[in-house]
Amino acid sequence: MRTTTLIRPDAADRFHCIASACEDTCCRGWAVGVDRAAFNKYRQLPDSPLRTLLDAKVVLNESPADKSLPPHYAAVKLDPGLACPMLNEQSLCRIQAELGAEFLCTTCSTFPRRIQKIDGLEEQPLTLSCPEAARLILLDRNPPGHRRKVLHHLTWDDTTTAPQPLRTWFWPIRAFTLATIHNRDYPLWQRMFLLSAFSRRLDAIACGELNCGFPTFLREFESAVLSGSLRAAIENVPADLHLQLDILLRLVHLRLDPANPSPRFRSCLQDFMRGIGHPASTPAQQVSSYRENYSRFYAPFFASHPNILENYLSNLVFYERFPFGNSLFLPDAAPQPAKAFSHLAIQFALIKGLLIGIAGAYKESFSAAHVVRLVQTVSKRFEHSPSFLSEACALLAERGIDNPTGLTMLLRN
Ligand code: SF4
């Protein structure tokens, strides 16, 4: 028998909104998902100017698939300037001011938390779209879940070969994933390769293509990681900075929306472009700057702050219920671990690539504050886009790099 600690995020207990001291605001630039209960409350209000506004601006989502999970039943239509139409002239929320906090939809009343219950245990991962949440999580020097006073454990039979749905192994999979992200015996890009291979095998288990079953597979994979027997194969994957920079620019273009000009996003992009000399320099010169920025500024900074990117990835694991996503709560939906890993890798490649450019812009002054600002801004810009990840996956497939080797080429420098 084996015992696994159920690792759950612990930052929400320490989070406090800094309100007027916040350098951004949660009410600007993204579509707020509205849950069914709040939508129905709004439709039952007596006639009033606010009721008229709610009728016009809170609209049902068209996709039945989206509607099935909270908070996607409906959405707030933003103003042309991308502000929430519910804000009054003092930038206060009219729903809260005129009706009370109990009329806020779940998204607004819980932001930046995502409240989810897994096997009867509630957890509240935070989105890094909030600057204060990003600071709290990224700069934490403790491993995830470390501060929890009460820990739960799962004791399971690690010799069983009886076929079980992959969902059965959610907690051991989470524990292994987080342990790999924080395993400093390997450089971070190699840990990502290990997770890529791990996810592919989970896919095979979910499809019934791997005969040995999860417990045997996990034991063998852990042993390979411990012995380093996969290192030679990992080292054979080449770094391709031309490809990396090209894909990075294409990913950024997917969310360059002139109708949605976020000043923070634009400022981050200007720093990035300054760092690599885009577009004034030739592509070869940009790649050369990108390479130099990595070795002179990015790598030394993260060598002395290894927790920041580990925390970024761990938070995604919690927030996305990696590698299950929504399938964790939809019994009929099949998990797609390899696809979930691609999403993780794309988001990480985007953050890493932009930070390499920004490190070149600030050189020796490159700091944790730059990292927090970039991660928060990119999370807000990309994480809430319903189409970004599927478009990004299509881009990788088109270039033939939607596989462990291709994804690693995006992550190795
Ligand atoms: S983004 Fe975060 S810190 Fe800023 S106002 Fe919203 S909840 Fe508060």
# chains A, B, ... in the order shown; residues from 1 in each chain; ligands from 1

call {"tool": "residues_around", "arguments": {"residues": "Pro187 in chain A", "least_positions_apart": "5", "cutoff": "12 Å", "atoms": "only C-alpha atoms", "output": "number ranges by chain"}}
result
A: 180-182, 192-194, 231, 234-235, 299, 302-303, 306, 309-310, 411-413

call {"tool": "residues_around", "arguments": {"residues": "Leu245 in chain A", "least_positions_apart": "4", "cutoff": "8 Å", "atoms": "only C-alpha atoms", "output": "number ranges by chain"}}
result
A: 241, 249, 287, 353

call {"tool": "write_last_selection", "arguments": {"atoms": "N, CA, C and O atoms", "output": "tab-separated table (two decimals), in the first residue's frame"}}
result
chain	number	residue	atom	x	y	z
A	241	LEU	N	16.07	28.25	-31.60
A	241	LEU	CA	15.64	29.59	-31.20
A	241	LEU	C	14.91	30.32	-32.32
A	241	LEU	O	14.05	31.16	-32.05
A	249	LEU	N	6.13	35.00	-31.56
A	249	LEU	CA	5.52	36.18	-32.19
A	249	LEU	C	4.14	35.84	-32.75
A	249	LEU	O	3.21	36.64	-32.67
A	287	VAL	N	17.15	36.98	-33.23
A	287	VAL	CA	17.43	35.68	-32.59
A	287	VAL	C	18.72	35.78	-31.78
A	287	VAL	O	18.82	35.25	-30.67
A	353	GLY	N	9.26	33.22	-23.24
A	353	GLY	CA	9.78	33.97	-24.38
A	353	GLY	C	9.66	35.48	-24.17
A	353	GLY	O	10.61	36.22	-24.43

call {"tool": "residues_around", "arguments": {"residues": "Leu313 in chain A", "least_positions_apart": "3", "cutoff": "9 Å", "atoms": "only C-alpha atoms", "output": "list of chain:residue names"}}
result
A:Leu178, A:Ile181, A:Ile308, A:Leu309, A:Glu310, A:Leu316, A:Val317, A:Phe318, A:Leu344, A:Phe348

call {"tool": "write_last_selection", "arguments": {"atoms": "N, CA and C atoms", "output": "PDB file, in the first residue's frame"}}
result
ATOM      1  N   LEU A 178       3.400  17.865  -9.444  1.00  0.00           N
ATOM      2  CA  LEU A 178       3.994  18.956  -8.664  1.00  0.00           C
ATOM      3  C   LEU A 178       5.423  18.607  -8.244  1.00  0.00           C
ATOM      4  N   ILE A 181       7.628  19.263 -11.226  1.00  0.00           N
ATOM      5  CA  ILE A 181       7.841  20.712 -11.453  1.00  0.00           C
ATOM      6  C   ILE A 181       8.889  21.259 -10.479  1.00  0.00           C
ATOM      7  N   ILE A 308      10.035  31.113  -8.756  1.00  0.00           N
ATOM      8  CA  ILE A 308       9.005  31.920  -9.426  1.00  0.00           C
ATOM      9  C   ILE A 308       8.325  31.138 -10.555  1.00  0.00           C
ATOM     10  N   LEU A 309       9.122  30.566 -11.453  1.00  0.00           N
ATOM     11  CA  LEU A 309       8.503  29.844 -12.581  1.00  0.00           C
ATOM     12  C   LEU A 309       7.912  28.506 -12.128  1.00  0.00           C
ATOM     13  N   GLU A 310       8.512  27.902 -11.108  1.00  0.00           N
ATOM     14  CA  GLU A 310       7.914  26.672 -10.553  1.00  0.00           C
ATOM     15  C   GLU A 310       6.526  26.986  -9.990  1.00  0.00           C
ATOM     16  N   LEU A 316      -0.859  26.813 -12.350  1.00  0.00           N
ATOM     17  CA  LEU A 316      -1.640  26.350 -13.509  1.00  0.00           C
ATOM     18  C   LEU A 316      -2.176  24.939 -13.276  1.00  0.00           C
ATOM     19  N   VAL A 317      -1.349  24.097 -12.646  1.00  0.00           N
ATOM     20  CA  VAL A 317      -1.777  22.719 -12.351  1.00  0.00           C
ATOM     21  C   VAL A 317      -3.027  22.732 -11.470  1.00  0.00           C
ATOM     22  N   PHE A 318      -3.022  23.586 -10.449  1.00  0.00           N
ATOM     23  CA  PHE A 318      -4.201  23.691  -9.576  1.00  0.00           C
ATOM     24  C   PHE A 318      -5.380  24.295 -10.327  1.00  0.00           C
ATOM     25  N   LEU A 344      -0.412  23.634 -21.171  1.00  0.00           N
ATOM     26  CA  LEU A 344       0.547  24.085 -20.146  1.00  0.00           C
ATOM     27  C   LEU A 344       1.831  24.592 -20.820  1.00  0.00           C
ATOM     28  N   PHE A 348       3.481  28.357 -20.881  1.00  0.00           N
ATOM     29  CA  PHE A 348       4.811  28.548 -20.323  1.00  0.00           C
ATOM     30  C   PHE A 348       5.765  29.122 -21.376  1.00  0.00           C
TER      31      PHE A 348
END

call {"tool": "select_by_dssp", "arguments": {"residues": "range 49-227 of chain A", "states": "helix (DSSP H, G or I)", "output": "VMD selection string"}}
result
chain A and resid 49 to 57 64 to 67 94 to 99 101 to 103 106 to 110 131 to 138 166 to 181 188 to 206 214 to 227

call {"tool": "residues_near_ligand", "arguments": {"ligand": "ligand 1", "cutoff": "10 Å", "atoms": "only C-alpha atoms and all ligand atoms", "output": "PyMOL selection string"}}
result
chain A and resi 15-28+108-113+126-134+376+380

call {"tool": "residues_around", "arguments": {"residues": "Arg274 in chain A", "least_positions_apart": "2", "cutoff": "12 Å", "atoms": "only C-alpha atoms", "output": "ChimeraX atom specification"}}
result
/A:267-272,276-281,286,289-290,293,354-363

call {"tool": "decode", "arguments": {"residues": "range 21-57 of chain A", "atoms": "N, CA, C and O atoms", "output": "short mmCIF file (atom, residue, chain, number, x, y, z; two decimals), in the first residue's frame"}}
result
data_model
loop_
_atom_site.label_atom_id
_atom_site.label_comp_id
_atom_site.auth_asym_id
_atom_site.auth_seq_id
_atom_site.Cartn_x
_atom_site.Cartn_y
_atom_site.Cartn_z
N ALA A 21 -5.29 50.50 -4.10
CA ALA A 21 -3.83 50.45 -4.30
C ALA A 21 -3.46 49.52 -5.46
O ALA A 21 -2.28 49.37 -5.79
N CYS A 22 -4.47 48.91 -6.09
CA CYS A 22 -4.20 47.93 -7.15
C CYS A 22 -3.74 48.66 -8.42
O CYS A 22 -4.35 49.64 -8.83
N GLU A 23 -2.69 48.14 -9.05
CA GLU A 23 -2.18 48.76 -10.28
C GLU A 23 -3.01 48.40 -11.51
O GLU A 23 -2.77 48.92 -12.59
N ASP A 24 -3.97 47.47 -11.37
CA ASP A 24 -4.87 47.12 -12.46
C ASP A 24 -6.27 47.06 -11.85
O ASP A 24 -6.47 47.44 -10.71
N THR A 25 -7.23 46.61 -12.59
CA THR A 25 -8.54 46.38 -11.99
C THR A 25 -9.14 45.14 -12.61
O THR A 25 -8.89 44.85 -13.77
N CYS A 26 -9.91 44.40 -11.82
CA CYS A 26 -10.47 43.16 -12.36
C CYS A 26 -11.66 43.43 -13.28
O CYS A 26 -12.15 42.54 -13.93
N CYS A 27 -12.14 44.68 -13.32
CA CYS A 27 -13.37 44.97 -14.08
C CYS A 27 -13.10 45.41 -15.51
O CYS A 27 -14.00 45.88 -16.18
N ARG A 28 -11.87 45.35 -15.98
CA ARG A 28 -11.60 45.90 -17.30
C ARG A 28 -10.96 44.85 -18.22
O ARG A 28 -10.07 44.12 -17.82
N GLY A 29 -11.50 44.77 -19.44
CA GLY A 29 -10.77 44.07 -20.50
C GLY A 29 -11.05 42.59 -20.62
O GLY A 29 -10.40 41.92 -21.40
N TRP A 30 -11.97 42.03 -19.87
CA TRP A 30 -12.25 40.61 -20.08
C TRP A 30 -13.73 40.33 -19.86
O TRP A 30 -14.41 41.02 -19.10
N ALA A 31 -14.22 39.31 -20.52
CA ALA A 31 -15.63 38.97 -20.43
C ALA A 31 -15.90 38.25 -19.10
O ALA A 31 -15.28 37.25 -18.79
N VAL A 32 -16.83 38.81 -18.32
CA VAL A 32 -17.16 38.20 -17.03
C VAL A 32 -18.22 37.12 -17.26
O VAL A 32 -19.29 37.41 -17.80
N GLY A 33 -17.92 35.89 -16.85
CA GLY A 33 -18.90 34.81 -16.96
C GLY A 33 -19.92 34.93 -15.84
O GLY A 33 -19.56 35.19 -14.69
N VAL A 34 -21.20 34.78 -16.17
CA VAL A 34 -22.27 34.93 -15.18
C VAL A 34 -22.96 33.57 -14.99
O VAL A 34 -23.39 32.94 -15.95
N ASP A 35 -23.08 33.16 -13.73
CA ASP A 35 -23.69 31.85 -13.44
C ASP A 35 -25.21 31.94 -13.58
O ASP A 35 -25.80 33.02 -13.56
N ARG A 36 -25.81 30.77 -13.69
CA ARG A 36 -27.26 30.69 -13.95
C ARG A 36 -28.09 31.34 -12.84
O ARG A 36 -29.06 32.06 -13.11
N ALA A 37 -27.69 31.11 -11.57
CA ALA A 37 -28.48 31.64 -10.45
C ALA A 37 -28.49 33.17 -10.50
O ALA A 37 -29.56 33.79 -10.31
N ALA A 38 -27.34 33.78 -10.75
CA ALA A 38 -27.28 35.25 -10.82
C ALA A 38 -28.09 35.75 -12.01
O ALA A 38 -28.85 36.72 -11.89
N PHE A 39 -27.95 35.05 -13.14
CA PHE A 39 -28.69 35.46 -14.35
C PHE A 39 -30.19 35.46 -14.07
O PHE A 39 -30.91 36.41 -14.40
N ASN A 40 -30.67 34.41 -13.42
CA ASN A 40 -32.11 34.32 -13.13
C ASN A 40 -32.56 35.42 -12.16
O ASN A 40 -33.64 35.99 -12.30
N LYS A 41 -31.69 35.74 -11.17
CA LYS A 41 -32.02 36.83 -10.24
C LYS A 41 -32.18 38.14 -11.00
O LYS A 41 -33.09 38.92 -10.73
N TYR A 42 -31.28 38.39 -11.95
CA TYR A 42 -31.34 39.66 -12.70
C TYR A 42 -32.62 39.73 -13.52
O TYR A 42 -33.23 40.78 -13.66
N ARG A 43 -33.06 38.59 -14.05
CA ARG A 43 -34.26 38.58 -14.89
C ARG A 43 -35.55 38.71 -14.06
O ARG A 43 -36.62 38.90 -14.61
N GLN A 44 -35.42 38.57 -12.74
CA GLN A 44 -36.61 38.70 -11.89
C GLN A 44 -36.70 40.04 -11.18
O GLN A 44 -37.62 40.29 -10.39
N LEU A 45 -35.76 40.93 -11.43
CA LEU A 45 -35.79 42.24 -10.76
C LEU A 45 -36.95 43.07 -11.28
O LEU A 45 -37.33 42.94 -12.45
N PRO A 46 -37.52 43.95 -10.44
CA PRO A 46 -38.56 44.87 -10.95
C PRO A 46 -37.93 45.86 -11.93
O PRO A 46 -36.72 46.05 -11.95
N ASP A 47 -38.81 46.48 -12.73
CA ASP A 47 -38.33 47.45 -13.72
C ASP A 47 -37.57 48.58 -13.02
O ASP A 47 -38.01 49.09 -11.98
N SER A 48 -36.45 48.95 -13.62
CA SER A 48 -35.64 50.06 -13.11
C SER A 48 -34.56 50.31 -14.17
O SER A 48 -34.35 49.47 -15.06
N PRO A 49 -33.88 51.46 -14.09
CA PRO A 49 -32.78 51.68 -15.06
C PRO A 49 -31.73 50.56 -14.99
O PRO A 49 -31.21 50.13 -16.02
N LEU A 50 -31.45 50.06 -13.76
CA LEU A 50 -30.44 49.01 -13.66
C LEU A 50 -30.94 47.72 -14.30
O LEU A 50 -30.19 47.01 -14.98
N ARG A 51 -32.23 47.41 -14.11
CA ARG A 51 -32.80 46.21 -14.74
C ARG A 51 -32.68 46.30 -16.27
O ARG A 51 -32.33 45.33 -16.95
N THR A 52 -32.96 47.48 -16.82
CA THR A 52 -32.85 47.68 -18.27
C THR A 52 -31.41 47.43 -18.72
O THR A 52 -31.15 46.77 -19.73
N LEU A 53 -30.47 47.96 -17.92
CA LEU A 53 -29.05 47.79 -18.27
C LEU A 53 -28.66 46.30 -18.21
O LEU A 53 -27.98 45.78 -19.09
N LEU A 54 -29.11 45.63 -17.17
CA LEU A 54 -28.78 44.19 -17.02
C LEU A 54 -29.36 43.39 -18.18
O LEU A 54 -28.70 42.48 -18.71
N ASP A 55 -30.60 43.71 -18.57
CA ASP A 55 -31.22 42.98 -19.70
C ASP A 55 -30.39 43.14 -20.97
O ASP A 55 -30.23 42.21 -21.76
N ALA A 56 -29.85 44.37 -21.15
CA ALA A 56 -29.13 44.64 -22.39
C ALA A 56 -27.71 44.08 -22.37
O ALA A 56 -27.18 43.67 -23.40
N LYS A 57 -27.10 44.07 -21.20
CA LYS A 57 -25.65 43.77 -21.15
C LYS A 57 -25.30 42.38 -20.63
O LYS A 57 -24.16 41.93 -20.77
#
